[in-house]
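S.K.: Data: input.tsv, TSV, C-alpha atoms.
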chain	number	residue	atom	x	y	z
A	10	MET	CA	-5.35	-19.84	24.82
A	11	THR	CA	-1.88	-19.49	26.32
A	12	ASP	CA	-1.76	-23.21	27.13
A	13	ALA	CA	-2.25	-24.11	23.47
A	14	VAL	CA	1.30	-23.28	22.43
A	15	ASN	CA	4.23	-25.44	23.48
A	16	GLY	CA	7.01	-23.60	21.71
A	17	PHE	CA	7.55	-20.48	19.61
A	18	ASN	CA	10.33	-18.10	18.66
A	19	VAL	CA	10.38	-14.31	18.82
A	20	VAL	CA	12.11	-12.02	16.34
A	21	ILE	CA	12.56	-8.34	17.23
A	22	PRO	CA	13.10	-6.07	14.19
A	23	ALA	CA	15.20	-3.08	15.28
A	24	ARG	CA	16.07	-0.30	12.84
A	25	TYR	CA	18.47	2.46	13.78
A	26	GLY	CA	17.17	4.90	11.17
A	27	SER	CA	13.78	5.87	12.60
A	28	GLN	CA	12.60	9.11	10.98
A	29	ARG	CA	10.81	10.38	14.06
A	30	LEU	CA	13.41	9.22	16.61
A	31	PRO	CA	16.81	8.34	15.11
A	32	GLY	CA	18.72	5.68	17.01
A	33	LYS	CA	15.54	4.65	18.81
A	34	PRO	CA	16.63	1.08	19.77
A	35	LEU	CA	19.66	2.48	21.60
A	36	ARG	CA	17.85	5.17	23.58
A	37	GLU	CA	18.51	4.55	27.26
A	38	ILE	CA	15.69	3.67	29.64
A	39	ALA	CA	16.54	3.06	33.31
A	40	GLY	CA	20.19	2.44	32.52
A	41	LYS	CA	19.66	0.04	29.60
A	42	PRO	CA	19.18	0.53	25.85
A	43	MET	CA	15.54	0.15	24.89
A	44	ILE	CA	16.26	-2.91	22.75
A	45	GLN	CA	17.53	-4.74	25.84
A	46	HIS	CA	14.26	-4.09	27.68
A	47	VAL	CA	12.33	-5.46	24.69
A	48	PHE	CA	14.58	-8.53	24.51
A	49	GLU	CA	14.11	-9.26	28.21
A	50	ARG	CA	10.33	-8.92	27.88
A	51	ALA	CA	10.39	-11.48	25.09
A	52	GLN	CA	12.45	-13.88	27.19
A	53	LEU	CA	9.83	-13.71	29.95
A	54	SER	CA	7.21	-15.02	27.51
A	55	GLY	CA	8.71	-18.50	27.54
A	56	ALA	CA	9.86	-18.33	23.92
A	57	GLN	CA	12.34	-21.00	22.87
A	58	GLN	CA	14.49	-18.48	21.00
A	59	VAL	CA	14.56	-14.68	20.94
A	60	VAL	CA	16.52	-12.99	18.14
A	61	VAL	CA	17.09	-9.32	17.35
A	62	ALA	CA	17.06	-8.52	13.62
A	63	THR	CA	18.82	-5.33	12.56
A	64	ASP	CA	20.41	-3.71	9.52
A	65	ASP	CA	22.75	-1.44	11.46
A	66	VAL	CA	26.09	-2.37	13.02
A	67	ARG	CA	25.52	0.07	15.90
A	68	VAL	CA	22.45	-1.85	17.00
A	69	GLU	CA	24.29	-5.16	16.50
A	70	GLN	CA	27.17	-4.05	18.71
A	71	ALA	CA	24.82	-2.84	21.45
A	72	VAL	CA	22.87	-6.11	21.42
A	73	ARG	CA	26.03	-8.21	21.62
A	74	ARG	CA	26.78	-6.60	24.98
A	75	PHE	CA	23.91	-8.60	26.49
A	76	THR	CA	23.32	-11.50	24.03
A	77	ASP	CA	24.71	-13.13	20.90
A	78	ALA	CA	21.19	-13.65	19.56
A	79	VAL	CA	21.35	-10.98	16.86
A	80	CYS	CA	21.04	-11.38	13.10
A	81	MET	CA	22.23	-8.80	10.55
A	82	THR	CA	19.80	-8.30	7.67
A	83	SER	CA	19.58	-6.39	4.41
A	84	THR	CA	19.04	-2.64	4.40
A	85	ASP	CA	16.57	-2.99	1.52
A	86	HIS	CA	13.57	-4.35	3.44
A	87	THR	CA	10.43	-2.23	3.32
A	88	SER	CA	8.76	-3.84	6.36
A	89	GLY	CA	9.58	-5.63	9.58
A	90	THR	CA	7.89	-8.76	8.21
A	91	ASP	CA	10.32	-8.90	5.29
A	92	ARG	CA	13.20	-8.54	7.74
A	93	ILE	CA	11.87	-11.41	9.84
A	94	ALA	CA	11.53	-13.57	6.73
A	95	GLU	CA	15.24	-13.11	6.09
A	96	VAL	CA	16.06	-14.17	9.66
A	97	VAL	CA	13.93	-17.31	9.31
A	98	GLY	CA	15.79	-18.23	6.14
A	99	THR	CA	19.22	-17.47	7.59
A	100	LEU	CA	18.60	-19.54	10.70
A	101	ALA	CA	16.85	-22.30	8.70
A	102	TRP	CA	13.94	-22.66	11.10
A	103	PRO	CA	11.54	-25.51	10.18
A	104	ALA	CA	8.45	-24.50	8.22
A	105	ASP	CA	6.07	-25.23	11.11
A	106	THR	CA	7.94	-23.00	13.59
A	107	VAL	CA	5.68	-20.33	15.10
A	108	VAL	CA	7.40	-16.96	14.90
A	109	VAL	CA	6.21	-13.90	16.83
A	110	ASN	CA	7.05	-10.41	15.57
A	111	LEU	CA	7.74	-8.07	18.50
A	112	GLN	CA	8.57	-4.52	17.47
A	113	GLY	CA	11.79	-3.13	18.89
A	114	ASP	CA	10.05	-0.09	20.38
A	115	GLU	CA	7.76	-2.01	22.77
A	116	PRO	CA	9.72	-2.11	26.07
A	117	LEU	CA	6.55	-2.56	28.14
A	118	MET	CA	4.91	-5.34	26.12
A	119	PRO	CA	3.28	-7.85	28.50
A	120	PRO	CA	4.95	-11.26	27.90
A	121	THR	CA	1.55	-12.95	28.19
A	122	LEU	CA	0.44	-11.29	24.95
A	123	LEU	CA	3.32	-12.93	23.07
A	124	ARG	CA	2.08	-16.32	24.22
A	125	GLU	CA	-1.49	-15.34	23.39
A	126	VAL	CA	-0.76	-14.44	19.77
A	127	ALA	CA	1.38	-17.56	19.29
A	128	GLY	CA	-1.38	-19.72	20.75
A	129	THR	CA	-3.96	-18.11	18.49
A	130	LEU	CA	-2.01	-19.23	15.44
A	131	VAL	CA	-1.65	-22.77	16.79
A	132	THR	CA	-5.41	-23.08	17.36
A	133	HIS	CA	-6.22	-21.71	13.89
A	134	PRO	CA	-4.43	-24.08	11.51
A	135	LEU	CA	-6.09	-22.51	8.44
A	136	ALA	CA	-4.57	-19.10	9.20
A	137	GLU	CA	-1.32	-17.84	7.73
A	138	MET	CA	-1.02	-15.25	10.48
A	139	ALA	CA	-2.44	-14.38	13.88
A	140	THR	CA	-2.80	-11.06	15.66
A	141	LEU	CA	-4.67	-9.46	18.55
A	142	SER	CA	-7.35	-6.86	19.11
A	143	VAL	CA	-8.86	-5.12	22.09
A	144	PRO	CA	-12.34	-3.61	22.50
A	145	LEU	CA	-12.30	0.07	21.61
A	146	ARG	CA	-12.90	2.03	24.81
A	147	ALA	CA	-11.64	5.57	24.17
A	148	VAL	CA	-14.05	7.82	22.29
A	149	GLU	CA	-11.20	9.94	20.94
A	150	GLN	CA	-9.86	6.89	19.08
A	151	LEU	CA	-13.08	6.21	17.20
A	152	PHE	CA	-12.27	8.56	14.30
A	153	ASP	CA	-8.49	8.68	14.89
A	154	THR	CA	-6.61	7.48	11.79
A	155	ASN	CA	-3.66	6.43	13.97
A	156	THR	CA	-5.92	3.90	15.68
A	157	VAL	CA	-6.30	0.90	13.38
A	158	LYS	CA	-9.66	-0.86	13.53
A	159	VAL	CA	-10.38	-4.48	12.65
A	160	VAL	CA	-13.54	-6.38	11.72
A	161	THR	CA	-13.67	-10.19	11.91
A	162	ASP	CA	-16.01	-12.93	10.82
A	163	ARG	CA	-17.86	-15.21	13.24
A	164	GLU	CA	-14.88	-17.58	13.47
A	165	GLY	CA	-12.44	-14.86	14.43
A	166	TYR	CA	-10.74	-14.39	11.05
A	167	ALA	CA	-10.05	-10.83	9.90
A	168	LEU	CA	-12.32	-9.38	7.23
A	169	TYR	CA	-10.48	-6.06	7.02
A	170	PHE	CA	-8.16	-3.67	8.85
A	171	SER	CA	-8.51	0.07	8.36
A	172	ARG	CA	-7.50	3.45	9.67
A	173	ALA	CA	-11.08	4.44	8.93
A	174	THR	CA	-13.93	3.80	11.35
A	175	ILE	CA	-15.16	0.25	10.70
A	176	PRO	CA	-17.77	-1.09	10.91
A	177	TRP	CA	-19.59	2.13	10.02
A	178	LYS	CA	-22.75	2.47	12.10
A	179	ARG	CA	-24.86	4.18	9.48
A	180	ASP	CA	-27.67	5.37	11.74
A	181	GLN	CA	-25.36	6.66	14.50
A	182	PHE	CA	-22.20	8.13	13.04
A	183	GLU	CA	-22.64	11.72	11.94
A	184	PRO	CA	-19.68	14.13	11.93
A	185	SER	CA	-21.84	16.92	13.32
A	186	ARG	CA	-22.88	14.93	16.38
A	187	THR	CA	-21.04	14.66	19.68
A	188	VAL	CA	-19.40	11.25	20.02
A	189	ASN	CA	-21.43	8.99	22.27
A	190	PRO	CA	-19.50	6.36	24.29
A	191	ALA	CA	-22.28	3.89	23.45
A	192	TRP	CA	-21.06	3.98	19.85
A	193	LEU	CA	-17.96	2.02	20.90
A	194	ALA	CA	-19.94	-1.18	21.46
A	195	GLY	CA	-18.74	-3.88	19.09
A	196	MET	CA	-15.75	-1.85	17.84
A	197	HIS	CA	-12.24	-3.33	18.06
A	198	ARG	CA	-8.80	-1.79	17.91
A	199	HIS	CA	-5.97	-3.74	16.34
A	200	LEU	CA	-2.80	-4.40	18.33
A	201	GLY	CA	0.29	-4.59	16.15
A	202	LEU	CA	1.56	-7.92	17.42
A	203	TYR	CA	1.81	-10.80	14.92
A	204	ALA	CA	2.57	-14.51	14.78
A	205	TYR	CA	3.43	-16.43	11.59
A	206	ARG	CA	4.57	-19.88	10.59
A	207	ALA	CA	8.12	-19.88	9.29
A	208	GLY	CA	7.02	-21.52	6.03
A	209	PHE	CA	4.56	-18.72	5.32
A	210	LEU	CA	7.18	-16.05	5.92
A	211	SER	CA	9.26	-17.39	3.06
A	212	GLU	CA	6.17	-17.03	0.83
A	213	TYR	CA	5.23	-13.60	2.17
A	214	SER	CA	8.46	-12.08	0.94
A	215	LYS	CA	7.46	-13.10	-2.60
A	216	LEU	CA	4.00	-11.50	-2.50
A	217	SER	CA	3.52	-8.30	-4.45
A	218	VAL	CA	2.60	-5.16	-2.55
A	219	ALA	CA	-1.18	-4.74	-2.51
A	220	PRO	CA	-2.99	-1.54	-3.56
A	221	ILE	CA	-5.01	-1.50	-0.33
A	222	GLU	CA	-1.79	-1.97	1.65
A	223	GLN	CA	-0.38	1.15	0.04
A	224	MET	CA	-3.57	3.16	0.49
A	225	GLU	CA	-3.97	2.32	4.17
A	226	SER	CA	-0.24	1.97	4.92
A	227	LEU	CA	-0.98	-1.35	6.67
A	228	GLU	CA	1.24	-4.23	5.63
A	229	GLN	CA	-1.08	-6.96	6.99
A	230	LEU	CA	-3.51	-6.10	4.19
A	231	ARG	CA	-1.08	-7.71	1.75
A	232	VAL	CA	-2.03	-11.09	3.22
A	233	LEU	CA	-5.78	-10.51	2.86
A	234	TRP	CA	-5.36	-9.13	-0.66
A	235	HIS	CA	-3.63	-12.33	-1.76
A	236	GLY	CA	-6.31	-14.55	-0.21
A	237	GLY	CA	-4.61	-15.40	3.08
A	238	ARG	CA	-6.32	-15.65	6.44
A	239	ILE	CA	-5.46	-13.80	9.64
A	240	ALA	CA	-6.80	-15.12	12.95
A	241	VAL	CA	-7.62	-12.41	15.49
A	242	ALA	CA	-7.91	-13.03	19.23
A	243	THR	CA	-9.53	-10.45	21.47
A	244	VAL	CA	-7.71	-9.66	24.71
A	245	ASP	CA	-8.96	-7.63	27.66
A	246	GLU	CA	-6.27	-4.99	27.95
A	247	ALA	CA	-4.03	-3.23	25.46
A	248	PRO	CA	-0.30	-3.07	26.20
A	249	PRO	CA	1.16	0.25	27.33
A	250	ALA	CA	2.18	2.61	24.54
A	251	GLY	CA	5.40	1.91	22.68
A	252	VAL	CA	8.11	4.52	22.13
A	253	ASP	CA	7.27	6.66	19.11
A	254	THR	CA	8.87	10.10	19.46
Could the structure of this file be written out as C-alpha cells, please?
M.R.:
Amino acid sequence: MTDAVNGFNVVIPARYGSQRLPGKPLREIAGKPMIQHVFERAQLSGAQQVVVATDDVRVEQAVRRFTDAVCMTSTDHTSGTDRIAEVVGTLAWPADTVVVNLQGDEPLMPPTLLREVAGTLVTHPLAEMATLSVPLRAVEQLFDTNTVKVVTDREGYALYFSRATIPWKRDQFEPSRTVNPAWLAGMHRHLGLYAYRAGFLSEYSKLSVAPIEQMESLEQLRVLWHGGRIAVATVDEAPPAGVDT
C-alpha cells in the first residue's frame, strides 16, 4: 500500500486551549515542545509538505522556532477537519492533493502509518476520505466507549463507526458473562488518522452537522450521513498512545 502514493501533504491541527491539558502542544518532551516531535514524525513520512495549523499565537511562535510552515486559522472551528479545510484554501492546494490529518498530540505516530493512510485514499478513487483500523485485541476495550469501533463492507469501505460494540454478536455478548477473548475475532478498532483530497475538504466545511455525529461525538460520521465513502485499511499494529492528560 505504501508504494501507491507518490506525494501527499500533512496538516497538524494544534490547539492551545485543550480542556484536559491546557497548552498541550507546548508541553516539553525530551527538551522539545510536543508539537515539534509531531512535526518531525510527519517529515519522516516522506510528505511533500508538513504544515502546523493553529488558532493561537503562542503555538505559532513556538513553531516558528523550528519551521516557518505554520498557518494561523480561525478560532471558530469546531473540528480539526474544518481547520485543515481552511489551511487548504489559504495555501491554494490543487483539488487532487492528498492531505493527511495528523493530530498535534501524537508525538509517537509511526511515519509509515501516514504513508499507509495516504496510499489507501489513492487506491480508492471513489472514497472522499481514508482512515485506518487495527484488529481489536484487548478485551477491556470491547465495551469501552472511548474505543471507537468500525465495521466495513467487503470492499473496505466504512459502514459505520461507533463508541458502542459493533458488530453486536447476538449469541455471545451478554453483560452478565465474563468477556471471552474469542469474542474479539472479527472486531476492529478505529485509529484516528485521516487522509482527504483537498477538493473534498472545501466541500466538507459546507456540510451540515449530522445527528449521528452529535450523538456519537464522532466527526467522521458527518461524511457517511451525507452519502460519502470512507476507505478503511487494516494495519497490524496500533500506534502508541497520544498525549491526553
S.K.: Region 136-143 of chain A, all listed atoms, 5 Å padding on each side: what axis-aligned box centre and edge lengths in Å to one decimal come out, as lines of an AutoDock Vina configuration file?
M.R.:
center_x = -4.9
center_y = -12.1
center_z = 14.9
size_x = 17.8
size_y = 24.0
size_z = 24.4
S.K.: Could you check the closest approach to Ala204 (chain A) for each of A:Ile21, A:Val96, A:Ala127, A:Ala56 and tell me which residue wins, using all atoms listed in the file?
M.R.: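 Using all atoms listed in the file, Ala204 (chain A) sits closest to A:Ala127.
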S.K.: Which one is closest to Val60 (chain A): A:Arg36, A:Arg92, A:Lys178, A:Arg238? Count only C-alpha atoms.
M.R.: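 For Val60 (chain A), the nearest of the given residues is A:Arg92.
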S.K.: What is the distance between CA of Asp64 (chain A) and CA of Thr82 (chain A), in Å to one decimal?
M.R.: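 That distance, rounded to one decimal, is 5.0 Å.
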S.K.: Just want the 8 Å neighbourhood of region 220-226 of chain A, counted on only C-alpha atoms, with same-chain residues fewer than 6 positions away dropped. Output as an MDAnalysis selection string.
M.R.: chainID A and resid 171:172 234
S.K.: Atoms to include: C-alpha atoms. Write the selected residues as a PDB file, keeping the file's coordinate frame.
M.R.:
ATOM      1  CA  SER A 171      -8.510   0.070   8.360  1.00  0.00           C
ATOM      2  CA  ARG A 172      -7.500   3.450   9.670  1.00  0.00           C
ATOM      3  CA  TRP A 234      -5.360  -9.130  -0.660  1.00  0.00           C
TER       4      TRP A 234
END
S.K.: Taking (12.8, -0.6, 20.7) in the file's coordinates, which residues come within 7 Å, counting only C-alpha atoms, written as a list in words?
M.R.: Ala23, Lys33, Pro34, Met43, Ile44, Val47, Gln112, Gly113, Asp114, Glu115 and Pro116 of chain A
S.K.: Which residues are near Thr161 (chain A)? Cut-off 10 Å, only C-alpha atoms, ignore same chain within fewer than 3 positions. Put them as a PDB file with C-alpha atoms, keeping the file's coordinate frame.
M.R.:
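Now in part_28.pdb:
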ATOM      1  CA  GLU A 164     -14.880 -17.580  13.470  1.00  0.00           C
ATOM      2  CA  GLY A 165     -12.440 -14.860  14.430  1.00  0.00           C
ATOM      3  CA  TYR A 166     -10.740 -14.390  11.050  1.00  0.00           C
ATOM      4  CA  ALA A 167     -10.050 -10.830   9.900  1.00  0.00           C
ATOM      5  CA  LEU A 168     -12.320  -9.380   7.230  1.00  0.00           C
ATOM      6  CA  TYR A 169     -10.480  -6.060   7.020  1.00  0.00           C
ATOM      7  CA  PHE A 170      -8.160  -3.670   8.850  1.00  0.00           C
ATOM      8  CA  HIS A 197     -12.240  -3.330  18.060  1.00  0.00           C
ATOM      9  CA  ILE A 239      -5.460 -13.800   9.640  1.00  0.00           C
ATOM     10  CA  ALA A 240      -6.800 -15.120  12.950  1.00  0.00           C
ATOM     11  CA  VAL A 241      -7.620 -12.410  15.490  1.00  0.00           C
ATOM     12  CA  ALA A 242      -7.910 -13.030  19.230  1.00  0.00           C
TER      13      ALA A 242
END
S.K.: Using all atoms listed in the file for the distances, tell me which of A:Arg163, A:Arg24, A:Arg124, A:Arg74 is nearest to Thr140 (chain A).
M.R.: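 Using all atoms listed in the file, Thr140 (chain A) sits closest to A:Arg124.
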S.K.: Can you work out which one of A:Thr87, A:Thr132, A:Thr156, A:Gln45 has the shortest atom-to-atom distance to Phe75 (chain A), counting all atoms listed in the file?
M.R.: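 So, comparing all the options, the nearest one is A:Gln45.
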S.K.: Which neighbours of Ala194 (chain A) fall inside 12 Å, counting only C-alpha atoms, when residues of the same chain fewer than 5 positions from it are skipped, and could you give them as a list in words?
M.R.: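 Once the nearby chain positions are removed, what remains is Val143, Pro144, Leu145, Arg146, Ala147, Val148, Leu151, Ile175, Pro176, Trp177, Lys178, Gln181 and Asn189 of chain A.
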S.K.: Using only C-alpha atoms, can you tell me which of A:Ser214, A:Gln58, A:Thr129, A:Thr174 comes closest to Asn155 (chain A)?
M.R.: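 The shortest atom-to-atom distance to Asn155 (chain A) comes from A:Thr174.
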S.K.: Using only C-alpha atoms, can you tell me which of A:Glu149, A:Thr76, A:Val59, A:Pro42 comes closest to Val188 (chain A)?
M.R.: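 The shortest atom-to-atom distance to Val188 (chain A) comes from A:Glu149.
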S.K.: So that I can check the surroundings of Glu137 (chain A), please list as a PyMOL selection string every protein, DNA and RNA residue that reaches within 12 Å of it, counting all atoms listed in the file and ignoring chain neighbours fewer than 6 positions away.
M.R.: chain A and resi 104-105+107-108+127+129-131+166-167+203-213+229+231-233+235-241
S.K.: In Å, rounded to a single decimal, give me how far CA of Pro120 (chain A) is from CA of Leu135 (chain A).
M.R.: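 Pair CA of Leu135 (chain A) / CA of Pro120 (chain A) returns 25.0 Å.
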S.K.: One decimal, Å: what's the distance from CA of Ala78 (chain A) over to CA of Asp91 (chain A), could you say?
M.R.: 18.6 Å
S.K.: Supply region 75-96 of chain A as a compact mmCIF listing (two decimals), keeping the file's coordinate frame, with N, CA and C atoms built in where the input has gaps.
M.R.:
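And here's result17.txt as it stands now:
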# COMPACT_ATOMS: atom_id res chain seq x y z
N PHE A 75 24.72 -7.82 25.55
CA PHE A 75 23.91 -8.60 26.49
C PHE A 75 23.46 -9.95 25.92
N THR A 76 23.66 -10.20 24.61
CA THR A 76 23.32 -11.50 24.03
C THR A 76 23.99 -11.63 22.66
N ASP A 77 24.21 -12.87 22.25
CA ASP A 77 24.71 -13.13 20.90
C ASP A 77 23.57 -13.39 19.92
N ALA A 78 22.35 -13.32 20.40
CA ALA A 78 21.19 -13.65 19.56
C ALA A 78 20.78 -12.45 18.71
N VAL A 79 21.62 -12.10 17.75
CA VAL A 79 21.35 -10.98 16.86
C VAL A 79 21.69 -11.40 15.44
N CYS A 80 20.87 -10.98 14.49
CA CYS A 80 21.04 -11.38 13.10
C CYS A 80 21.06 -10.12 12.23
N MET A 81 22.15 -9.92 11.48
CA MET A 81 22.23 -8.80 10.55
C MET A 81 21.41 -9.10 9.30
N THR A 82 20.67 -8.11 8.83
CA THR A 82 19.80 -8.30 7.67
C THR A 82 20.06 -7.20 6.64
N SER A 83 19.43 -7.35 5.50
CA SER A 83 19.58 -6.39 4.41
C SER A 83 19.02 -5.03 4.80
N THR A 84 19.57 -3.99 4.19
CA THR A 84 19.04 -2.64 4.40
C THR A 84 17.90 -2.32 3.44
N ASP A 85 17.55 -3.25 2.57
CA ASP A 85 16.57 -2.99 1.52
C ASP A 85 15.14 -3.35 1.90
N HIS A 86 14.92 -3.92 3.07
CA HIS A 86 13.57 -4.35 3.44
C HIS A 86 12.66 -3.16 3.65
N THR A 87 11.42 -3.30 3.18
CA THR A 87 10.43 -2.23 3.32
C THR A 87 9.53 -2.43 4.54
N SER A 88 9.60 -3.58 5.18
CA SER A 88 8.76 -3.84 6.36
C SER A 88 9.49 -4.76 7.33
N GLY A 89 9.02 -4.74 8.57
CA GLY A 89 9.58 -5.63 9.58
C GLY A 89 9.32 -7.09 9.24
N THR A 90 8.20 -7.38 8.59
CA THR A 90 7.89 -8.76 8.21
C THR A 90 8.91 -9.31 7.22
N ASP A 91 9.29 -8.48 6.24
CA ASP A 91 10.32 -8.90 5.29
C ASP A 91 11.64 -9.17 6.00
N ARG A 92 11.97 -8.36 6.98
CA ARG A 92 13.20 -8.54 7.74
C ARG A 92 13.17 -9.86 8.52
N ILE A 93 12.01 -10.16 9.10
CA ILE A 93 11.87 -11.41 9.84
C ILE A 93 11.98 -12.61 8.90
N ALA A 94 11.43 -12.48 7.70
CA ALA A 94 11.53 -13.57 6.73
C ALA A 94 12.99 -13.89 6.42
N GLU A 95 13.82 -12.86 6.33
CA GLU A 95 15.24 -13.11 6.09
C GLU A 95 15.88 -13.86 7.25
N VAL A 96 15.52 -13.49 8.47
CA VAL A 96 16.06 -14.17 9.66
C VAL A 96 15.67 -15.64 9.66
